[in-house]
Amino acid sequence: MKKYFSTRYNLIKLAIVNTWQKDTAYLFNNWGNIVSGTVYILTAILANSVIYTNTNEVAGLTKNEMLLFIFFAQINFYLFAGLVYKNLGAISSDINSGKLDLVLSKPVPALFFLSYRSIDILTVVRDYLFGFIFIILSVDWNALNIEISNFLLSFIIVFCGIIASSSIFFITAIFAFWLGESSGITDLAVFTDYDFVKNIPLNGWGNFKTVFLTVLPFLIGSGVSVEVALGKLEGVGWCLFSIFIAILFLFFKNRLWKLGLKSYSSASS
Amino acid sequence: MEAWIKKLFLGQQLDMEKIITVKNLHKKFRKLKKRGFFKDLLKPNFLEVSAVLDISFSIKYGESVAFLGPNGAGKTTTIKMLSGLIYPSSGEIQVLGFKPSDRKSEFLSRIGLVMGNKSGLNWDLTPRQSFRLLKEIYNVSDHKYNLRLKELTELLDISRFIDTQIRRMSLGERMKMELIGSILHYPKILFLDEPTVGLDIISKQKIREFLRHIQKKDGTTILLTSHDMDDVEKVCDRVIVINKGQKVIDTDVIKLTSRFSEYKYIKLTLSNKKEFSKISFDKVEELNSEGMYKIQKSKVPEFLKYITANFDVDDIDVIPLPLEEIIKEIFLKR
């Protein structure tokens with residue numbers, strides 16, 4: 001057990017260092033993302049103000065609560081961008097091109113290594129810091145009356161949501177073992193989650209709520225976490241549910257990976 | 001004294017042990033039989049194609065073995081099964097006492113893999129940065145790592161590129177770095193899949209010398225696939241020829257060249273170049289005052305007698321047929 005965790009801890013450390021080295025090798029790349037990241041947040045704040053000019057509540061959230069929801073949705077996105085995005089893009093092409101050989105031949109837990117080989121702390125901080133500051137400043141924190149315990153629980157739920165969502169994305173990427181290429185399916189899953197489900201609060205989903213909490217649990221990271229933070233949902237119960245869902249989807253991901261490896265044909269030389 | 005004798009004999013016994021045992025190995029791939037987009041979508045029809053068909057062999061510690069055969073013969077598939085990358089459809093494989101497809105870390109930390117057409121080093125990083133990652137993955141101590149890195153970069157004459165981004169290197173330099181990355185951890189077995197593909201002659205020579213060196217010095221067992229017969233002749237002692245997924249020949253490189261070659265090349269240098277036209281044997285090529293003749297092995301003494309008796313000869317050289325031609329002969333016969 002000790003070896004299990006120490007190996008993974010070391011791989012995370014190495015991934016952070018290697019990604020940092022790669023990012024600093026191209027220091028002048030992507031400064032434009034700072035502008036787009038910041039403008040995106042400012043637009044969301046502005047749209048929020050416009051929407052609430054004629055109404056006090058949308059999907060059960062007030063204007064200030066909706067800003068908190070945007071705050072949670074953004075945290076989800078930043079974690080996705082920093083931890084998942086690049087790794088996800090590489091996995092399907094590695095299976096397709098046979099580059100996976102060079103990972104499979106090394107004494108590392110391959111799926112874990114592939115899932116976290118790139119950890120983009122520098123990119124995330126550089127690109128999204130200004131926008132994040134704007135969203136923090138736009139929320140009237142005193143008016144929200146948030147209990148610290150609920151706030152902490154909501155962050156555990158965010159992490160569980162990220163684990164469940166990324167497991168689903170990786171499952172779609174693993175289909176490349178059978179289909180040869182699956183980036184289109186992965187793009188659809190990412191789009192459904194980050195451009196669609198995570199941007200609409202829990203109560204905006206009506207009957208679809210159950211689907212997006214169980215079959216495709218994309219709502220956990222933003223919809224559920226913000227409701228727990230606000231004390232509108234019972235914290236401990238939902239936290240346990242989120243942990244269960246995260247473990248379940250991790251299990252599915254691992255099982256499918258093992259099945260996929262048996263079908264791996266490796267691109268010929 | 002007793003302990004010393006035991007160690008000596010046990011050591012010898014271990015040297016005789018087999019590092020790889022393969023029995024009745026099969027690998028089948030499923031391929032979609034194309035019949036049109038909608039038919040394939042609604043009712044896909046799959047064909048089973050055998051890439052490896054009932055191959056058996058064993059390899060001893062420290063041997064250097066080449067897998068030869070035409071494209072699609074099953075060489076790379078065999079190497080991939082031996083290194084645990086793909087699962088066999090049936091048959092038994094034991095490598096270093098492990099079943100490769102289990103991919104146990106104890107097994108993976110004792111093998112190295114180089115693929116000529118795939119890069120394991122990060123394009124955006126320097127070799128030193130990538131090697132550092134490998135050092136941690138393989139758990140090599142700082143002392144061993146520094147010694148090894150110095151030794152290998154000096155041997156391949158690429159010390160000066162150690163802090164250059166991989167993407168800025170030539171193919172030859174990159175391949176040398178790939179080789180270093182694959183043996184930093186002193187693997188017991190090194191799998192090489194066309195390691196010199198696309199390289200210039202000097203890089204190829206350097207890599208061949210290097211591979212021989214680590215085989216002799218570290219006792220590394222080498223398994224190589226290549227279409228370059230010079231790789232095989234310079235690096236390997238034994239050849240396993242595979243065709244259509246089946247083992248055709250398994251023999252020493254020297255035996256192969258002597259047993260399967262029915263011809264020899266004879267290089268003649270005559271004092272008078274014009275006399276070549278009087279020789280009643282077909283020339284393969286003529287260059288300045290030298291002529292190359294391909295003569296049946298049994299007729300070589302007769303040919304030499306004829307030449308020395310009738311012409312003013314400056315030099316005669318009897319050259320065995322290159323391995324490439326021997327392999328071609330074997331496949332033509334089959």
# chains A, B, ... in the order shown; residues from 1 in each chain; ligands from 1

call {"tool": "select_by_dssp", "arguments": {"residues": "stretch 211-322 of chain B", "states": "alpha helix (DSSP H)", "output": "VMD selection string"}}
result
chain B and resid 211 to 218 229 to 235 253 to 259 300 to 310

call {"tool": "interface_residues", "arguments": {"of": "chain A", "to": "chain B", "cutoff": "9 Å", "atoms": "only C-alpha atoms", "output": "PyMOL selection string"}}
result
chain A and resi 7+10-11+14-15+18+21-23+25-26+98-109+261-266+268-269

call {"tool": "write_last_selection", "arguments": {"atoms": "C-alpha atoms", "output": "tab-separated table (two decimals), in the first residue's frame"}}
result
chain	number	residue	atom	x	y	z
A	7	THR	CA	4.96	5.55	-6.67
A	10	ASN	CA	6.61	10.47	-7.18
A	11	LEU	CA	4.97	10.40	-10.60
A	14	LEU	CA	7.85	14.36	-11.78
A	15	ALA	CA	4.88	15.39	-13.90
A	18	ASN	CA	8.45	18.07	-16.40
A	21	GLN	CA	10.18	22.59	-17.79
A	22	LYS	CA	8.11	22.24	-20.96
A	23	ASP	CA	6.05	25.37	-20.25
A	25	ALA	CA	10.78	26.19	-22.67
A	26	TYR	CA	8.15	28.19	-24.54
A	98	GLY	CA	1.33	3.01	-30.94
A	99	LYS	CA	3.30	5.52	-28.85
A	100	LEU	CA	1.66	3.84	-25.91
A	101	ASP	CA	4.34	1.13	-26.33
A	102	LEU	CA	6.90	3.43	-24.78
A	103	VAL	CA	4.78	3.90	-21.65
A	104	LEU	CA	3.71	0.26	-21.38
A	105	SER	CA	7.33	-0.87	-21.45
A	106	LYS	CA	8.21	1.16	-18.36
A	107	PRO	CA	7.69	0.09	-14.74
A	108	VAL	CA	4.98	2.65	-14.02
A	109	PRO	CA	1.24	2.28	-13.41
A	261	LEU	CA	-4.92	-3.47	-23.11
A	262	LYS	CA	-5.95	-7.01	-24.03
A	263	SER	CA	-7.18	-5.69	-27.36
A	264	TYR	CA	-4.21	-3.39	-27.90
A	265	SER	CA	-2.65	-4.21	-31.24
A	266	SER	CA	-0.01	-1.44	-31.20
A	268	SER	CA	2.95	-1.55	-36.61
A	269	SER	CA	6.41	-0.20	-37.20

call {"tool": "closest_atom_pairs", "arguments": {"of": "stretch 25-61 of chain A", "to": "stretch 214-230 of chain A", "cutoff": "12 Å", "atoms": "only C-alpha atoms", "output": "JSON lines"}}
result
{"residue": "A:Ala59", "atom": "CA", "partner": "A:Gly223", "partner_atom": "CA", "distance": 10.6}
{"residue": "A:Gly60", "atom": "CA", "partner": "A:Glu227", "partner_atom": "CA", "distance": 9.8}
{"residue": "A:Leu61", "atom": "CA", "partner": "A:Glu227", "partner_atom": "CA", "distance": 9.2}

call {"tool": "residues_around", "arguments": {"residues": "B:Ile19", "least_positions_apart": "3", "cutoff": "9 Å", "atoms": "only C-alpha atoms", "output": "list in words"}}
result
Ser58, Ile59, Lys60, Tyr61, Gly62, Gln94, Val95, Leu96, Gly97, Lys188, Ile189 and Thr221 of chain B

call {"tool": "write_last_selection", "arguments": {"atoms": "all heavy atoms", "output": "mmCIF file, in the first residue's frame"}}
result
data_model
loop_
_atom_site.group_PDB
_atom_site.id
_atom_site.type_symbol
_atom_site.label_atom_id
_atom_site.label_comp_id
_atom_site.auth_asym_id
_atom_site.auth_seq_id
_atom_site.Cartn_x
_atom_site.Cartn_y
_atom_site.Cartn_z
ATOM 1 N N SER B 58 14.160 -20.482 -27.837
ATOM 2 C CA SER B 58 14.641 -19.996 -26.536
ATOM 3 C C SER B 58 15.927 -19.214 -26.753
ATOM 4 O O SER B 58 16.624 -19.430 -27.748
ATOM 5 C CB SER B 58 14.842 -21.153 -25.571
ATOM 6 O OG SER B 58 15.797 -22.023 -26.089
ATOM 7 N N ILE B 59 16.178 -18.309 -25.824
ATOM 8 C CA ILE B 59 17.365 -17.450 -25.926
ATOM 9 C C ILE B 59 18.096 -17.482 -24.596
ATOM 10 O O ILE B 59 17.469 -17.400 -23.529
ATOM 11 C CB ILE B 59 16.947 -16.008 -26.318
ATOM 12 C CG1 ILE B 59 16.431 -15.999 -27.764
ATOM 13 C CG2 ILE B 59 18.120 -15.033 -26.171
ATOM 14 C CD1 ILE B 59 15.757 -14.730 -28.197
ATOM 15 N N LYS B 60 19.444 -17.607 -24.665
ATOM 16 C CA LYS B 60 20.232 -17.679 -23.433
ATOM 17 C C LYS B 60 20.659 -16.291 -22.973
ATOM 18 O O LYS B 60 20.675 -15.342 -23.757
ATOM 19 C CB LYS B 60 21.485 -18.522 -23.688
ATOM 20 C CG LYS B 60 21.213 -19.999 -23.789
ATOM 21 C CD LYS B 60 22.522 -20.696 -24.053
ATOM 22 C CE LYS B 60 22.305 -22.057 -24.668
ATOM 23 N NZ LYS B 60 23.475 -22.534 -25.354
ATOM 24 N N TYR B 61 21.061 -16.222 -21.709
ATOM 25 C CA TYR B 61 21.571 -14.967 -21.141
ATOM 26 C C TYR B 61 22.725 -14.446 -21.995
ATOM 27 O O TYR B 61 23.606 -15.221 -22.375
ATOM 28 C CB TYR B 61 22.091 -15.197 -19.716
ATOM 29 C CG TYR B 61 21.016 -15.112 -18.672
ATOM 30 C CD1 TYR B 61 20.247 -16.223 -18.360
ATOM 31 C CD2 TYR B 61 20.759 -13.917 -17.999
ATOM 32 C CE1 TYR B 61 19.248 -16.157 -17.408
ATOM 33 C CE2 TYR B 61 19.765 -13.842 -17.042
ATOM 34 C CZ TYR B 61 19.016 -14.962 -16.746
ATOM 35 O OH TYR B 61 18.035 -14.889 -15.811
ATOM 36 N N GLY B 62 22.695 -13.175 -22.308
ATOM 37 C CA GLY B 62 23.820 -12.529 -22.991
ATOM 38 C C GLY B 62 23.871 -12.747 -24.496
ATOM 39 O O GLY B 62 24.762 -12.217 -25.157
ATOM 40 N N GLN B 94 7.968 -17.006 -21.514
ATOM 41 C CA GLN B 94 8.637 -16.731 -20.231
ATOM 42 C C GLN B 94 9.833 -15.849 -20.545
ATOM 43 O O GLN B 94 10.709 -16.244 -21.311
ATOM 44 C CB GLN B 94 9.136 -18.034 -19.598
ATOM 45 C CG GLN B 94 8.064 -18.877 -18.936
ATOM 46 C CD GLN B 94 7.837 -18.444 -17.486
ATOM 47 O OE1 GLN B 94 8.785 -18.209 -16.749
ATOM 48 N NE2 GLN B 94 6.574 -18.321 -17.110
ATOM 49 N N VAL B 95 9.845 -14.658 -19.971
ATOM 50 C CA VAL B 95 10.993 -13.770 -20.148
ATOM 51 C C VAL B 95 11.492 -13.388 -18.758
ATOM 52 O O VAL B 95 10.720 -12.850 -17.960
ATOM 53 C CB VAL B 95 10.614 -12.507 -20.964
ATOM 54 C CG1 VAL B 95 11.821 -11.604 -21.143
ATOM 55 C CG2 VAL B 95 10.054 -12.881 -22.321
ATOM 56 N N LEU B 96 12.733 -13.693 -18.465
ATOM 57 C CA LEU B 96 13.325 -13.440 -17.142
ATOM 58 C C LEU B 96 12.490 -14.095 -16.037
ATOM 59 O O LEU B 96 12.402 -13.578 -14.925
ATOM 60 C CB LEU B 96 13.420 -11.929 -16.887
ATOM 61 C CG LEU B 96 14.453 -11.167 -17.691
ATOM 62 C CD1 LEU B 96 14.043 -9.716 -17.834
ATOM 63 C CD2 LEU B 96 15.821 -11.240 -17.039
ATOM 64 N N GLY B 97 11.828 -15.160 -16.379
ATOM 65 C CA GLY B 97 10.994 -15.871 -15.406
ATOM 66 C C GLY B 97 9.602 -15.279 -15.253
ATOM 67 O O GLY B 97 8.830 -15.720 -14.412
ATOM 68 N N LYS B 188 18.466 -6.082 -18.395
ATOM 69 C CA LYS B 188 19.017 -7.412 -18.695
ATOM 70 C C LYS B 188 18.770 -7.750 -20.166
ATOM 71 O O LYS B 188 19.537 -8.469 -20.773
ATOM 72 C CB LYS B 188 18.337 -8.477 -17.822
ATOM 73 C CG LYS B 188 18.635 -8.321 -16.346
ATOM 74 C CD LYS B 188 19.916 -9.051 -16.005
ATOM 75 C CE LYS B 188 20.299 -8.795 -14.569
ATOM 76 N NZ LYS B 188 21.660 -8.333 -14.422
ATOM 77 N N ILE B 189 17.624 -7.249 -20.675
ATOM 78 C CA ILE B 189 17.294 -7.504 -22.081
ATOM 79 C C ILE B 189 16.997 -6.176 -22.773
ATOM 80 O O ILE B 189 16.289 -5.332 -22.224
ATOM 81 C CB ILE B 189 16.040 -8.397 -22.223
ATOM 82 C CG1 ILE B 189 16.217 -9.707 -21.462
ATOM 83 C CG2 ILE B 189 15.743 -8.695 -23.693
ATOM 84 C CD1 ILE B 189 15.001 -10.611 -21.509
ATOM 85 N N THR B 221 21.329 -9.016 -22.965
ATOM 86 C CA THR B 221 20.788 -9.842 -24.039
ATOM 87 C C THR B 221 20.106 -8.900 -25.032
ATOM 88 O O THR B 221 19.311 -8.055 -24.620
ATOM 89 C CB THR B 221 19.757 -10.844 -23.476
ATOM 90 O OG1 THR B 221 20.390 -11.566 -22.421
ATOM 91 C CG2 THR B 221 19.266 -11.798 -24.545
#

call {"tool": "closest_residue", "arguments": {"among": "A:Gln74, A:Thr192, A:Ser49, A:Thr123", "to": "A:Phe28", "atoms": "only C-alpha atoms"}}
result
A:Thr123

call {"tool": "atom_distance", "arguments": {"atom1": "atom CA of B:Cys236", "atom2": "atom CA of B:Ser64"}}
result
4.7 Å

call {"tool": "atom_distance", "arguments": {"atom1": "atom CA of B:Asp312", "atom2": "atom CA of B:Glu290"}}
result
12.8 Å

call {"tool": "closest_residue", "arguments": {"among": "B:Val239, B:Ile207, B:Leu32, B:Met175", "to": "B:Phe46", "atoms": "only C-alpha atoms"}}
result
B:Leu32

call {"tool": "residues_around", "arguments": {"residues": "A:Leu152", "least_positions_apart": "2", "cutoff": "12 Å", "atoms": "only C-alpha atoms", "output": "short mmCIF file (atom, residue, chain, number, x, y, z; two decimals) with C-alpha atoms, in the first residue's frame"}}
result
data_model
loop_
_atom_site.label_atom_id
_atom_site.label_comp_id
_atom_site.auth_asym_id
_atom_site.auth_seq_id
_atom_site.Cartn_x
_atom_site.Cartn_y
_atom_site.Cartn_z
CA ILE A 146 -21.77 30.30 4.03
CA GLU A 147 -20.77 27.88 6.81
CA ILE A 148 -17.10 26.92 6.67
CA SER A 149 -17.87 23.19 7.05
CA ASN A 150 -20.24 23.29 4.07
CA SER A 154 -18.26 21.50 -1.33
CA PHE A 155 -14.59 21.44 -2.33
CA ILE A 156 -14.36 17.71 -1.64
CA ILE A 157 -17.42 17.37 -3.88
CA VAL A 158 -15.71 19.45 -6.59
CA PHE A 159 -12.72 17.08 -6.53
CA SER A 225 -21.11 21.63 -4.85
CA VAL A 226 -22.58 25.15 -4.93
CA VAL A 228 -23.89 22.26 -0.59
CA ALA A 229 -21.80 25.40 -0.05
CA LEU A 230 -25.00 27.45 0.24
CA GLY A 231 -26.49 24.94 2.70
CA GLY A 235 -23.39 18.35 2.99
CA VAL A 236 -22.22 15.03 4.47
CA CYS A 239 -20.21 14.34 -0.05
#

call {"tool": "closest_residue", "arguments": {"among": "B:Phe67, B:Phe210, B:Phe260, B:Phe191", "to": "B:Glu154", "atoms": "only C-alpha atoms"}}
result
B:Phe210
